[in-house]
file model_19.pdb (PDB, C-alpha atoms and all ligand atoms)
MODEL        1
ATOM      1  CA  MET B   1       2.765  -2.087 -21.960  1.00  0.00           C
ATOM      2  CA  TYR B   2       5.820  -2.688 -24.199  1.00  0.00           C
ATOM      3  CA  ALA B   3       6.610  -6.408 -24.469  1.00  0.00           C
ATOM      4  CA  PRO B   4      10.333  -6.059 -23.545  1.00  0.00           C
ATOM      5  CA  LEU B   5       9.418  -4.006 -20.468  1.00  0.00           C
ATOM      6  CA  LEU B   6       6.866  -6.594 -19.389  1.00  0.00           C
ATOM      7  CA  GLU B   7       9.442  -9.341 -19.876  1.00  0.00           C
ATOM      8  CA  GLN B   8      12.008  -7.434 -17.809  1.00  0.00           C
ATOM      9  CA  ARG B   9       9.464  -6.787 -15.064  1.00  0.00           C
ATOM     10  CA  GLY B  10       8.590 -10.485 -14.884  1.00  0.00           C
ATOM     11  CA  LYS B  11      12.248 -11.391 -14.380  1.00  0.00           C
ATOM     12  CA  GLN B  12      12.746  -8.617 -11.842  1.00  0.00           C
ATOM     13  CA  ALA B  13       9.632  -9.718  -9.961  1.00  0.00           C
ATOM     14  CA  ALA B  14      10.972 -13.271  -9.698  1.00  0.00           C
ATOM     15  CA  HIS B  15      14.118 -11.887  -8.043  1.00  0.00           C
ATOM     16  CA  VAL B  16      12.131  -9.687  -5.630  1.00  0.00           C
ATOM     17  CA  ILE B  17       9.856 -12.599  -4.626  1.00  0.00           C
ATOM     18  CA  LYS B  18      12.932 -14.673  -3.809  1.00  0.00           C
ATOM     19  CA  GLN B  19      14.284 -11.834  -1.658  1.00  0.00           C
ATOM     20  CA  LEU B  20      10.940 -11.491   0.135  1.00  0.00           C
ATOM     21  CA  GLY B  21      11.107 -15.208   0.908  1.00  0.00           C
ATOM     22  CA  HIS B  22      14.514 -14.752   2.554  1.00  0.00           C
ATOM     23  CA  ARG B  23      12.777 -12.200   4.787  1.00  0.00           C
ATOM     24  CA  ARG B  24       9.914 -14.582   5.732  1.00  0.00           C
ATOM     25  CA  MET B  25       7.463 -12.726   3.497  1.00  0.00           C
ATOM     26  CA  ALA B  26       5.589 -14.129   0.505  1.00  0.00           C
ATOM     27  CA  GLY B  27       5.111 -12.763  -2.986  1.00  0.00           C
ATOM     28  CA  SER B  28       3.448 -13.525  -6.283  1.00  0.00           C
ATOM     29  CA  TYR B  29       3.563 -11.901  -9.701  1.00  0.00           C
ATOM     30  CA  CYS B  30       0.690 -11.016 -11.998  1.00  0.00           C
ATOM     31  CA  ALA B  31       1.420  -9.557 -15.424  1.00  0.00           C
ATOM     32  CA  THR B  32      -1.938  -7.792 -15.676  1.00  0.00           C
ATOM     33  CA  VAL B  33      -4.311  -5.993 -13.363  1.00  0.00           C
ATOM     34  CA  GLN B  34      -7.014  -8.569 -14.063  1.00  0.00           C
ATOM     35  CA  GLU B  35      -4.730 -11.378 -12.894  1.00  0.00           C
ATOM     36  CA  ALA B  36      -3.818  -9.279  -9.846  1.00  0.00           C
ATOM     37  CA  LYS B  37      -7.448  -8.828  -8.957  1.00  0.00           C
ATOM     38  CA  GLU B  38      -8.039 -12.590  -9.126  1.00  0.00           C
ATOM     39  CA  GLU B  39      -4.926 -13.235  -7.036  1.00  0.00           C
ATOM     40  CA  VAL B  40      -6.006 -10.836  -4.278  1.00  0.00           C
ATOM     41  CA  LEU B  41      -9.470 -12.393  -4.172  1.00  0.00           C
ATOM     42  CA  ARG B  42      -7.820 -15.813  -3.895  1.00  0.00           C
ATOM     43  CA  LEU B  43      -5.719 -14.630  -0.949  1.00  0.00           C
ATOM     44  CA  ILE B  44      -8.738 -13.340   0.981  1.00  0.00           C
ATOM     45  CA  PRO B  45     -10.730 -16.253   2.426  1.00  0.00           C
ATOM     46  CA  ASP B  46     -14.528 -16.298   2.413  1.00  0.00           C
ATOM     47  CA  GLY B  47     -15.911 -14.856   5.638  1.00  0.00           C
ATOM     48  CA  ALA B  48     -12.876 -12.656   6.256  1.00  0.00           C
ATOM     49  CA  THR B  49     -12.994  -9.247   7.879  1.00  0.00           C
ATOM     50  CA  VAL B  50     -10.891  -6.931   5.714  1.00  0.00           C
ATOM     51  CA  LEU B  51      -9.454  -3.602   6.875  1.00  0.00           C
ATOM     52  CA  ARG B  52      -9.322  -0.872   4.249  1.00  0.00           C
ATOM     53  CA  CYS B  53      -6.462   1.638   4.370  1.00  0.00           C
ATOM     54  CA  GLY B  54      -5.635   4.453   1.964  1.00  0.00           C
ATOM     55  CA  SER B  55      -4.453   2.975  -1.342  1.00  0.00           C
ATOM     56  CA  GLU B  56      -5.193   4.338  -4.779  1.00  0.00           C
ATOM     57  CA  THR B  57      -3.769   1.082  -6.183  1.00  0.00           C
ATOM     58  CA  VAL B  58      -6.459  -1.028  -4.531  1.00  0.00           C
ATOM     59  CA  VAL B  59      -9.203   1.428  -5.441  1.00  0.00           C
ATOM     60  CA  GLY B  60      -7.934   1.486  -9.041  1.00  0.00           C
ATOM     61  CA  LEU B  61      -8.268  -2.292  -9.262  1.00  0.00           C
ATOM     62  CA  GLY B  62     -11.926  -2.060  -8.275  1.00  0.00           C
ATOM     63  CA  LEU B  63     -11.294  -4.593  -5.545  1.00  0.00           C
ATOM     64  CA  TRP B  64     -13.560  -3.314  -2.805  1.00  0.00           C
ATOM     65  CA  ASP B  65     -16.789  -4.147  -4.615  1.00  0.00           C
ATOM     66  CA  ALA B  66     -15.398  -7.570  -5.515  1.00  0.00           C
ATOM     67  CA  ILE B  67     -14.418  -8.268  -1.894  1.00  0.00           C
ATOM     68  CA  ALA B  68     -17.811  -7.113  -0.631  1.00  0.00           C
ATOM     69  CA  ALA B  69     -19.379  -9.700  -2.952  1.00  0.00           C
ATOM     70  CA  LYS B  70     -17.391 -12.574  -1.408  1.00  0.00           C
ATOM     71  CA  PRO B  71     -19.477 -14.887   0.812  1.00  0.00           C
ATOM     72  CA  GLY B  72     -19.494 -13.659   4.409  1.00  0.00           C
ATOM     73  CA  ALA B  73     -16.989 -10.880   3.774  1.00  0.00           C
ATOM     74  CA  SER B  74     -17.038  -7.814   5.943  1.00  0.00           C
ATOM     75  CA  ILE B  75     -15.077  -4.631   5.204  1.00  0.00           C
ATOM     76  CA  LEU B  76     -13.881  -2.276   7.908  1.00  0.00           C
ATOM     77  CA  ASN B  77     -13.990   0.953   5.916  1.00  0.00           C
ATOM     78  CA  PRO B  78     -13.054   4.203   7.694  1.00  0.00           C
ATOM     79  CA  TYR B  79     -13.785   6.065   4.433  1.00  0.00           C
ATOM     80  CA  THR B  80     -17.500   5.250   4.517  1.00  0.00           C
ATOM     81  CA  PRO B  81     -19.347   8.503   3.675  1.00  0.00           C
ATOM     82  CA  GLY B  82     -21.058  10.180   6.600  1.00  0.00           C
ATOM     83  CA  LEU B  83     -18.783   8.848   9.351  1.00  0.00           C
ATOM     84  CA  THR B  84     -17.691  11.285  12.042  1.00  0.00           C
ATOM     85  CA  PRO B  85     -13.916  11.468  12.718  1.00  0.00           C
ATOM     86  CA  ALA B  86     -14.508   9.576  15.978  1.00  0.00           C
ATOM     87  CA  GLU B  87     -16.369   6.799  14.152  1.00  0.00           C
ATOM     88  CA  ALA B  88     -13.616   6.513  11.522  1.00  0.00           C
ATOM     89  CA  LEU B  89     -11.002   6.314  14.283  1.00  0.00           C
ATOM     90  CA  ASP B  90     -12.984   3.576  16.001  1.00  0.00           C
ATOM     91  CA  ILE B  91     -13.012   1.527  12.779  1.00  0.00           C
ATOM     92  CA  ARG B  92      -9.249   1.952  12.406  1.00  0.00           C
ATOM     93  CA  ARG B  93      -8.726   0.749  15.969  1.00  0.00           C
ATOM     94  CA  ARG B  94     -10.965  -2.255  15.422  1.00  0.00           C
ATOM     95  CA  GLY B  95      -8.964  -2.949  12.276  1.00  0.00           C
ATOM     96  CA  PHE B  96      -6.121  -4.301  14.383  1.00  0.00           C
ATOM     97  CA  SER B  97      -8.172  -7.459  14.908  1.00  0.00           C
ATOM     98  CA  ALA B  98      -9.111  -7.819  11.218  1.00  0.00           C
ATOM     99  CA  ASP B  99      -8.345 -11.048   9.379  1.00  0.00           C
ATOM    100  CA  VAL B 100      -6.770  -9.182   6.470  1.00  0.00           C
ATOM    101  CA  LEU B 101      -5.304  -5.742   5.812  1.00  0.00           C
ATOM    102  CA  LEU B 102      -5.390  -4.841   2.131  1.00  0.00           C
ATOM    103  CA  THR B 103      -3.333  -1.896   0.940  1.00  0.00           C
ATOM    104  CA  SER B 104      -0.194  -1.051  -1.056  1.00  0.00           C
ATOM    105  CA  SER B 105       3.355   0.080  -0.331  1.00  0.00           C
ATOM    106  CA  ASN B 106       4.975   3.369  -1.315  1.00  0.00           C
ATOM    107  CA  ALA B 107       8.090   1.560  -2.546  1.00  0.00           C
ATOM    108  CA  LEU B 108       9.733  -1.872  -2.597  1.00  0.00           C
ATOM    109  CA  THR B 109      13.457  -2.423  -2.973  1.00  0.00           C
ATOM    110  CA  LEU B 110      14.982  -5.089  -5.176  1.00  0.00           C
ATOM    111  CA  ASP B 111      16.245  -6.829  -2.046  1.00  0.00           C
ATOM    112  CA  GLY B 112      12.716  -7.071  -0.628  1.00  0.00           C
ATOM    113  CA  ARG B 113      12.346  -4.158   1.783  1.00  0.00           C
ATOM    114  CA  LEU B 114       9.001  -2.374   2.018  1.00  0.00           C
ATOM    115  CA  VAL B 115       9.287   1.402   2.438  1.00  0.00           C
ATOM    116  CA  ASN B 116       6.418   3.606   3.539  1.00  0.00           C
ATOM    117  CA  LEU B 117       5.874   7.165   4.724  1.00  0.00           C
ATOM    118  CA  ASP B 118       2.732   7.915   6.717  1.00  0.00           C
ATOM    119  CA  GLY B 119       1.019  10.807   8.451  1.00  0.00           C
ATOM    120  CA  ALA B 120      -1.257   9.551  11.245  1.00  0.00           C
ATOM    121  CA  CYS B 121       0.217   6.047  10.821  1.00  0.00           C
ATOM    122  CA  SER B 122      -3.180   4.360  10.501  1.00  0.00           C
ATOM    123  CA  ARG B 123      -1.795   2.574   7.403  1.00  0.00           C
ATOM    124  CA  VAL B 124       1.668   1.556   8.580  1.00  0.00           C
ATOM    125  CA  ALA B 125       0.637   0.553  12.123  1.00  0.00           C
ATOM    126  CA  PRO B 126      -1.551  -2.428  11.065  1.00  0.00           C
ATOM    127  CA  MET B 127       1.072  -3.378   8.478  1.00  0.00           C
ATOM    128  CA  LEU B 128       3.408  -3.948  11.428  1.00  0.00           C
ATOM    129  CA  PHE B 129       1.015  -5.551  13.918  1.00  0.00           C
ATOM    130  CA  GLY B 130      -2.579  -6.676  14.235  1.00  0.00           C
ATOM    131  CA  PRO B 131      -4.333  -8.152  11.201  1.00  0.00           C
ATOM    132  CA  SER B 132      -3.562 -11.853  10.729  1.00  0.00           C
ATOM    133  CA  LYS B 133      -2.681 -11.325   7.077  1.00  0.00           C
ATOM    134  CA  VAL B 134      -1.362  -8.294   5.185  1.00  0.00           C
ATOM    135  CA  VAL B 135      -1.867  -8.233   1.416  1.00  0.00           C
ATOM    136  CA  LEU B 136       0.034  -5.504  -0.427  1.00  0.00           C
ATOM    137  CA  VAL B 137      -0.644  -4.861  -4.107  1.00  0.00           C
ATOM    138  CA  VAL B 138       2.418  -3.232  -5.650  1.00  0.00           C
ATOM    139  CA  GLY B 139       2.844  -2.147  -9.269  1.00  0.00           C
ATOM    140  CA  MET B 140       6.337  -2.795 -10.635  1.00  0.00           C
ATOM    141  CA  ASN B 141       6.611   0.982 -11.121  1.00  0.00           C
ATOM    142  CA  LYS B 142       7.200   1.118  -7.350  1.00  0.00           C
ATOM    143  CA  VAL B 143      10.151  -1.288  -7.361  1.00  0.00           C
ATOM    144  CA  VAL B 144      13.472   0.535  -6.901  1.00  0.00           C
ATOM    145  CA  GLY B 145      17.128  -0.400  -6.616  1.00  0.00           C
ATOM    146  CA  ASP B 146      17.848   0.325  -2.961  1.00  0.00           C
ATOM    147  CA  LEU B 147      16.750   2.186   0.157  1.00  0.00           C
ATOM    148  CA  GLU B 148      18.059   5.546  -1.041  1.00  0.00           C
ATOM    149  CA  ALA B 149      16.080   5.182  -4.255  1.00  0.00           C
ATOM    150  CA  ALA B 150      13.016   4.232  -2.213  1.00  0.00           C
ATOM    151  CA  TYR B 151      13.263   7.358  -0.066  1.00  0.00           C
ATOM    152  CA  ALA B 152      13.772   9.454  -3.189  1.00  0.00           C
ATOM    153  CA  ARG B 153      10.787   7.865  -4.923  1.00  0.00           C
ATOM    154  CA  VAL B 154       8.509   8.537  -1.984  1.00  0.00           C
ATOM    155  CA  ARG B 155       9.657  12.140  -1.560  1.00  0.00           C
ATOM    156  CA  THR B 156       9.591  13.053  -5.243  1.00  0.00           C
ATOM    157  CA  VAL B 157       6.541  11.077  -6.406  1.00  0.00           C
ATOM    158  CA  ALA B 158       4.319   9.444  -3.784  1.00  0.00           C
ATOM    159  CA  ALA B 159       4.204  12.094  -1.060  1.00  0.00           C
ATOM    160  CA  PRO B 160       3.575  15.143  -3.294  1.00  0.00           C
ATOM    161  CA  ALA B 161       0.984  13.187  -5.273  1.00  0.00           C
ATOM    162  CA  ASN B 162      -0.790  12.121  -2.086  1.00  0.00           C
ATOM    163  CA  ASN B 163      -0.762  15.748  -0.962  1.00  0.00           C
ATOM    164  CA  ALA B 164      -2.402  16.738  -4.238  1.00  0.00           C
ATOM    165  CA  ARG B 165      -5.069  14.065  -3.727  1.00  0.00           C
ATOM    166  CA  LEU B 166      -5.767  14.943  -0.092  1.00  0.00           C
ATOM    167  CA  ALA B 167      -5.398  18.738  -0.252  1.00  0.00           C
ATOM    168  CA  GLY B 168      -9.085  19.346  -0.855  1.00  0.00           C
ATOM    169  CA  PRO B 169     -10.649  16.642   1.352  1.00  0.00           C
ATOM    170  CA  LEU B 170      -8.355  17.302   4.334  1.00  0.00           C
ATOM    171  CA  GLY B 171      -7.720  21.021   3.819  1.00  0.00           C
ATOM    172  CA  LEU B 172      -3.944  20.558   3.630  1.00  0.00           C
ATOM    173  CA  LYS B 173      -1.734  23.658   3.382  1.00  0.00           C
ATOM    174  CA  ASN B 174       1.620  22.155   2.436  1.00  0.00           C
ATOM    175  CA  PRO B 175       4.164  23.711   0.043  1.00  0.00           C
ATOM    176  CA  CYS B 176       4.320  20.641  -2.234  1.00  0.00           C
ATOM    177  CA  ILE B 177       0.702  21.266  -3.165  1.00  0.00           C
ATOM    178  CA  GLU B 178       1.783  24.508  -4.836  1.00  0.00           C
ATOM    179  CA  ASP B 179       4.740  23.273  -6.891  1.00  0.00           C
ATOM    180  CA  GLY B 180       4.704  19.449  -6.755  1.00  0.00           C
ATOM    181  CA  ARG B 181       8.073  19.272  -4.965  1.00  0.00           C
ATOM    182  CA  CYS B 182       8.787  18.096  -1.420  1.00  0.00           C
ATOM    183  CA  HIS B 183      10.291  20.851   0.772  1.00  0.00           C
ATOM    184  CA  ASN B 184      10.651  18.632   3.848  1.00  0.00           C
ATOM    185  CA  CYS B 185       8.320  21.118   5.435  1.00  0.00           C
ATOM    186  CA  ARG B 186       7.287  21.630   9.048  1.00  0.00           C
ATOM    187  CA  SER B 187       3.725  22.449   8.119  1.00  0.00           C
ATOM    188  CA  GLU B 188       0.990  21.772  10.693  1.00  0.00           C
ATOM    189  CA  THR B 189      -0.821  19.711   8.062  1.00  0.00           C
ATOM    190  CA  ARG B 190       2.252  17.749   6.946  1.00  0.00           C
ATOM    191  CA  ILE B 191       1.284  14.172   6.036  1.00  0.00           C
ATOM    192  CA  CYS B 192       4.863  12.863   6.158  1.00  0.00           C
ATOM    193  CA  ASN B 193       5.495  11.988   9.795  1.00  0.00           C
ATOM    194  CA  ALA B 194       6.858   8.441   9.980  1.00  0.00           C
ATOM    195  CA  TRP B 195       9.165   6.446   7.735  1.00  0.00           C
ATOM    196  CA  VAL B 196       8.683   2.709   8.126  1.00  0.00           C
ATOM    197  CA  VAL B 197      11.015   0.160   6.559  1.00  0.00           C
ATOM    198  CA  ILE B 198       9.821  -3.430   6.874  1.00  0.00           C
ATOM    199  CA  GLU B 199      12.899  -5.649   6.793  1.00  0.00           C
ATOM    200  CA  GLY B 200      11.144  -8.926   7.455  1.00  0.00           C
ATOM    201  CA  SER B 201       8.319 -10.670   9.282  1.00  0.00           C
ATOM    202  CA  THR B 202       8.385 -12.671  12.510  1.00  0.00           C
ATOM    203  CA  VAL B 203       5.239 -14.516  11.436  1.00  0.00           C
ATOM    204  CA  LYS B 204       6.202 -16.310   8.241  1.00  0.00           C
ATOM    205  CA  ASP B 205       4.180 -15.213   5.206  1.00  0.00           C
ATOM    206  CA  ARG B 206       1.941 -12.878   7.242  1.00  0.00           C
ATOM    207  CA  ILE B 207       2.837 -10.281   4.609  1.00  0.00           C
ATOM    208  CA  HIS B 208       2.097 -11.234   1.001  1.00  0.00           C
ATOM    209  CA  VAL B 209       3.126  -8.856  -1.792  1.00  0.00           C
ATOM    210  CA  VAL B 210       1.228  -9.141  -5.068  1.00  0.00           C
ATOM    211  CA  LEU B 211       3.511  -7.635  -7.698  1.00  0.00           C
ATOM    212  CA  VAL B 212       1.823  -6.355 -10.842  1.00  0.00           C
ATOM    213  CA  GLY B 213       3.501  -5.917 -14.223  1.00  0.00           C
ATOM    214  CA  GLU B 214       1.412  -2.890 -15.127  1.00  0.00           C
ATOM    215  CA  ASP B 215       1.901   0.544 -13.567  1.00  0.00           C
ATOM    216  CA  LEU B 216      -0.384   0.993 -10.575  1.00  0.00           C
ATOM    217  CA  GLY B 217      -0.822   3.787  -8.080  1.00  0.00           C
ATOM    218  CA  TYR B 218       1.870   6.308  -7.190  1.00  0.00           C
TER
HETATM  219  S1  LIG B 301       6.440  19.311   1.515  1.00  0.00           S
HETATM  220 FE1  LIG B 301       5.836  18.534   3.518  1.00  0.00          FE
HETATM  221  S2  LIG B 301       3.827  17.539   3.239  1.00  0.00           S
HETATM  222 FE2  LIG B 301       4.741  17.884   1.216  1.00  0.00          FE
HETATM  223  S3  LIG B 301       5.733  15.942   0.692  1.00  0.00           S
HETATM  224 FE3  LIG B 301       7.284  17.249   1.668  1.00  0.00          FE
HETATM  225  S4  LIG B 301       7.230  16.819   3.902  1.00  0.00           S
HETATM  226 FE4  LIG B 301       5.360  15.966   2.929  1.00  0.00          FE
ENDMDL
END
call {"tool": "encode", "arguments": {"input": "model_19.pdb", "output": "structure tokens"}}
result
Amino acid sequence: MYAPLLEQRGKQAAHVIKQLGHRRMAGSYCATVQEAKEEVLRLIPDGATVLRCGSETVVGLGLWDAIAAKPGASILNPYTPGLTPAEALDIRRRGFSADVLLTSSNALTLDGRLVNLDGACSRVAPMLFGPSKVVLVVGMNKVVGDLEAAYARVRTVAAPANNARLAGPLGLKNPCIEDGRCHNCRSETRICNAWVVIEGSTVKDRIHVVLVGEDLGY
């Protein structure tokens, strides 16, 4: 990471954290992925039940093994190999009573709004309601100027990239898989069904955003 870019990201993060606070959400900044990993582990209490949702950011940090090693921790993981679709759905439903949801956000605006696009909504639904605490790990590469930029980022980067990742495992047949561009399709296997913009939180600090100076996820 170039030093001037890291310096700029630190200053920008301080502004975003202030904006999150105005929206009754919390934030912290970690310059490196190692610091981010330590911060997430600090935010998850011993003995917590943690719901896992789709996030390449969290997987990239190697956090799941570290959480599993915490005393008394239990992970609700719908991606456990060998589960039937019904069993995975049951885990997702039970996840609404988890102590912590750990995932990322597709985009975050400079004024503190979290923007996500989901397919079955098993990721955005518990962000909105259920788990007592929501921890979102967000690389500064996902911070954008405003809502329009957030929508553009998700449609041009996050959604086509997620299609590329899931095409094989889920058998997706969407046009973005062919050319890497969103066509706002009406495909039966479309994974872009619900935009969710989180403007604030009724429960103060239920949502905690861990901003990371290094690029993470997509
Ligand atoms: S082409 Fe369809 S599935 Fe692909 S990113 Fe656009 S809306 Fe989503």
call {"tool": "axis_aligned_box", "arguments": {"input": "model_19.pdb", "around": "ligand LIG 301 (chain B)", "padding_each_side": "3 Å", "output": "lines of an AutoDock Vina configuration file"}}
result
center_x = 5.6
center_y = 17.6
center_z = 2.3
size_x = 9.5
size_y = 9.4
size_z = 9.2
call {"tool": "resolve_selection", "arguments": {"input": "model_19.pdb", "expression": "the PyMOL selection byres (((chain B and resi 62) around 12) and not hetatm)", "output": "MDAnalysis selection string"}}
result
chainID B and resid 33:34 36:38 40:41 55:61 63:69
call {"tool": "atom_distance", "arguments": {"input": "model_19.pdb", "atom1": "CA of Glu199 (chain B)", "atom2": "CA of Ala26 (chain B)"}}
result
12.8 Å
call {"tool": "residues_near_ligand", "arguments": {"input": "model_19.pdb", "ligand": "ligand LIG 301 (chain B)", "cutoff": "10 Å", "atoms": "all atoms listed in the file", "output": "number ranges by chain"}}
result
B: 117-119, 154-164, 167, 172-193
call {"tool": "write_last_selection", "arguments": {"input": "model_19.pdb", "atoms": "C-alpha atoms", "output": "compact mmCIF listing (two decimals), in the frame of the given file"}}
result
# COMPACT_ATOMS: atom_id res chain seq x y z
CA LEU B 117 5.87 7.16 4.72
CA ASP B 118 2.73 7.92 6.72
CA GLY B 119 1.02 10.81 8.45
CA VAL B 154 8.51 8.54 -1.98
CA ARG B 155 9.66 12.14 -1.56
CA THR B 156 9.59 13.05 -5.24
CA VAL B 157 6.54 11.08 -6.41
CA ALA B 158 4.32 9.44 -3.78
CA ALA B 159 4.20 12.09 -1.06
CA PRO B 160 3.58 15.14 -3.29
CA ALA B 161 0.98 13.19 -5.27
CA ASN B 162 -0.79 12.12 -2.09
CA ASN B 163 -0.76 15.75 -0.96
CA ALA B 164 -2.40 16.74 -4.24
CA ALA B 167 -5.40 18.74 -0.25
CA LEU B 172 -3.94 20.56 3.63
CA LYS B 173 -1.73 23.66 3.38
CA ASN B 174 1.62 22.16 2.44
CA PRO B 175 4.16 23.71 0.04
CA CYS B 176 4.32 20.64 -2.23
CA ILE B 177 0.70 21.27 -3.16
CA GLU B 178 1.78 24.51 -4.84
CA ASP B 179 4.74 23.27 -6.89
CA GLY B 180 4.70 19.45 -6.76
CA ARG B 181 8.07 19.27 -4.96
CA CYS B 182 8.79 18.10 -1.42
CA HIS B 183 10.29 20.85 0.77
CA ASN B 184 10.65 18.63 3.85
CA CYS B 185 8.32 21.12 5.44
CA ARG B 186 7.29 21.63 9.05
CA SER B 187 3.72 22.45 8.12
CA GLU B 188 0.99 21.77 10.69
CA THR B 189 -0.82 19.71 8.06
CA ARG B 190 2.25 17.75 6.95
CA ILE B 191 1.28 14.17 6.04
CA CYS B 192 4.86 12.86 6.16
CA ASN B 193 5.50 11.99 9.80
call {"tool": "resolve_selection", "arguments": {"input": "model_19.pdb", "expression": "the PyMOL selection byres (((chain B and resi 51) around 6) and not hetatm)", "output": "PyMOL selection string"}}
result
chain B and resi 50+52+75-76+95+101
call {"tool": "residues_around", "arguments": {"input": "model_19.pdb", "residues": "Lys70 (chain B)", "least_positions_apart": "5", "cutoff": "10 Å", "atoms": "only C-alpha atoms", "output": "number ranges by chain"}}
result
B: 41, 44-48, 65
call {"tool": "resolve_selection", "arguments": {"input": "model_19.pdb", "expression": "the PyMOL selection byres (((chain B and resi 130) around 12) and not hetatm)", "output": "list of chain:residue names"}}
result
B:Val50, B:Leu51, B:Arg92, B:Arg93, B:Arg94, B:Gly95, B:Phe96, B:Ser97, B:Ala98, B:Asp99, B:Val100, B:Leu101, B:Ser122, B:Arg123, B:Val124, B:Ala125, B:Pro126, B:Met127, B:Leu128, B:Phe129, B:Pro131, B:Ser132, B:Lys133, B:Val134, B:Val203, B:Arg206, B:Ile207
call {"tool": "residues_near_point", "arguments": {"input": "model_19.pdb", "point": "(8.8, 2.8, -0.6)", "cutoff": "12 Å", "atoms": "all atoms listed in the file", "output": "count of residues only"}}
result
43
call {"tool": "closest_residue", "arguments": {"input": "model_19.pdb", "among": "B:Val137, B:Gln8, B:His15, B:Met1", "to": "Gly217 (chain B)", "atoms": "all atoms listed in the file"}}
result
B:Val137
call {"tool": "residues_around", "arguments": {"input": "model_19.pdb", "residues": "Leu6 (chain B)", "least_positions_apart": "6", "cutoff": "9 Å", "atoms": "all atoms listed in the file", "output": "list in words"}}
result
Ala31, Gly213 and Glu214 of chain B
call {"tool": "atom_distance", "arguments": {"input": "model_19.pdb", "atom1": "CA of Thr32 (chain B)", "atom2": "CA of Leu136 (chain B)"}}
result
15.5 Å
call {"tool": "atom_distance", "arguments": {"input": "model_19.pdb", "atom1": "CA of Leu216 (chain B)", "atom2": "CA of Leu166 (chain B)"}}
result
18.3 Å
call {"tool": "decode", "arguments": {"input": "model_19.pdb", "residues": "region 198-210 of chain B", "atoms": "N, CA and C atoms", "output": "compact mmCIF listing (two decimals), in the first residue's frame"}}
result
# COMPACT_ATOMS: atom_id res chain seq x y z
N ILE B 198 -28.92 0.85 4.65
CA ILE B 198 -29.07 1.04 6.09
C ILE B 198 -28.67 2.48 6.41
N GLU B 199 -29.67 3.23 6.86
CA GLU B 199 -29.48 4.66 7.15
C GLU B 199 -29.10 4.92 8.60
N GLY B 200 -29.38 3.93 9.45
CA GLY B 200 -29.11 4.12 10.86
C GLY B 200 -29.59 2.92 11.65
N SER B 201 -29.41 2.95 12.96
CA SER B 201 -29.78 1.82 13.79
C SER B 201 -30.60 2.29 14.98
N THR B 202 -31.74 1.62 15.22
CA THR B 202 -32.54 1.95 16.40
C THR B 202 -31.77 1.60 17.67
N VAL B 203 -31.17 0.41 17.66
CA VAL B 203 -30.36 -0.02 18.81
C VAL B 203 -28.96 0.55 18.64
N LYS B 204 -28.61 1.47 19.52
CA LYS B 204 -27.32 2.15 19.38
C LYS B 204 -26.14 1.16 19.38
N ASP B 205 -25.29 1.32 18.40
CA ASP B 205 -24.06 0.53 18.26
C ASP B 205 -24.29 -0.96 18.03
N ARG B 206 -25.54 -1.35 17.70
CA ARG B 206 -25.74 -2.76 17.31
C ARG B 206 -24.87 -3.09 16.11
N ILE B 207 -24.74 -2.15 15.19
CA ILE B 207 -23.90 -2.36 14.00
C ILE B 207 -22.55 -1.69 14.24
N HIS B 208 -21.50 -2.47 14.08
CA HIS B 208 -20.13 -1.95 14.23
C HIS B 208 -19.38 -2.22 12.92
N VAL B 209 -18.88 -1.18 12.30
CA VAL B 209 -18.14 -1.31 11.04
C VAL B 209 -16.64 -1.23 11.34
N VAL B 210 -15.93 -2.27 10.97
CA VAL B 210 -14.47 -2.27 11.09
C VAL B 210 -13.91 -1.90 9.72
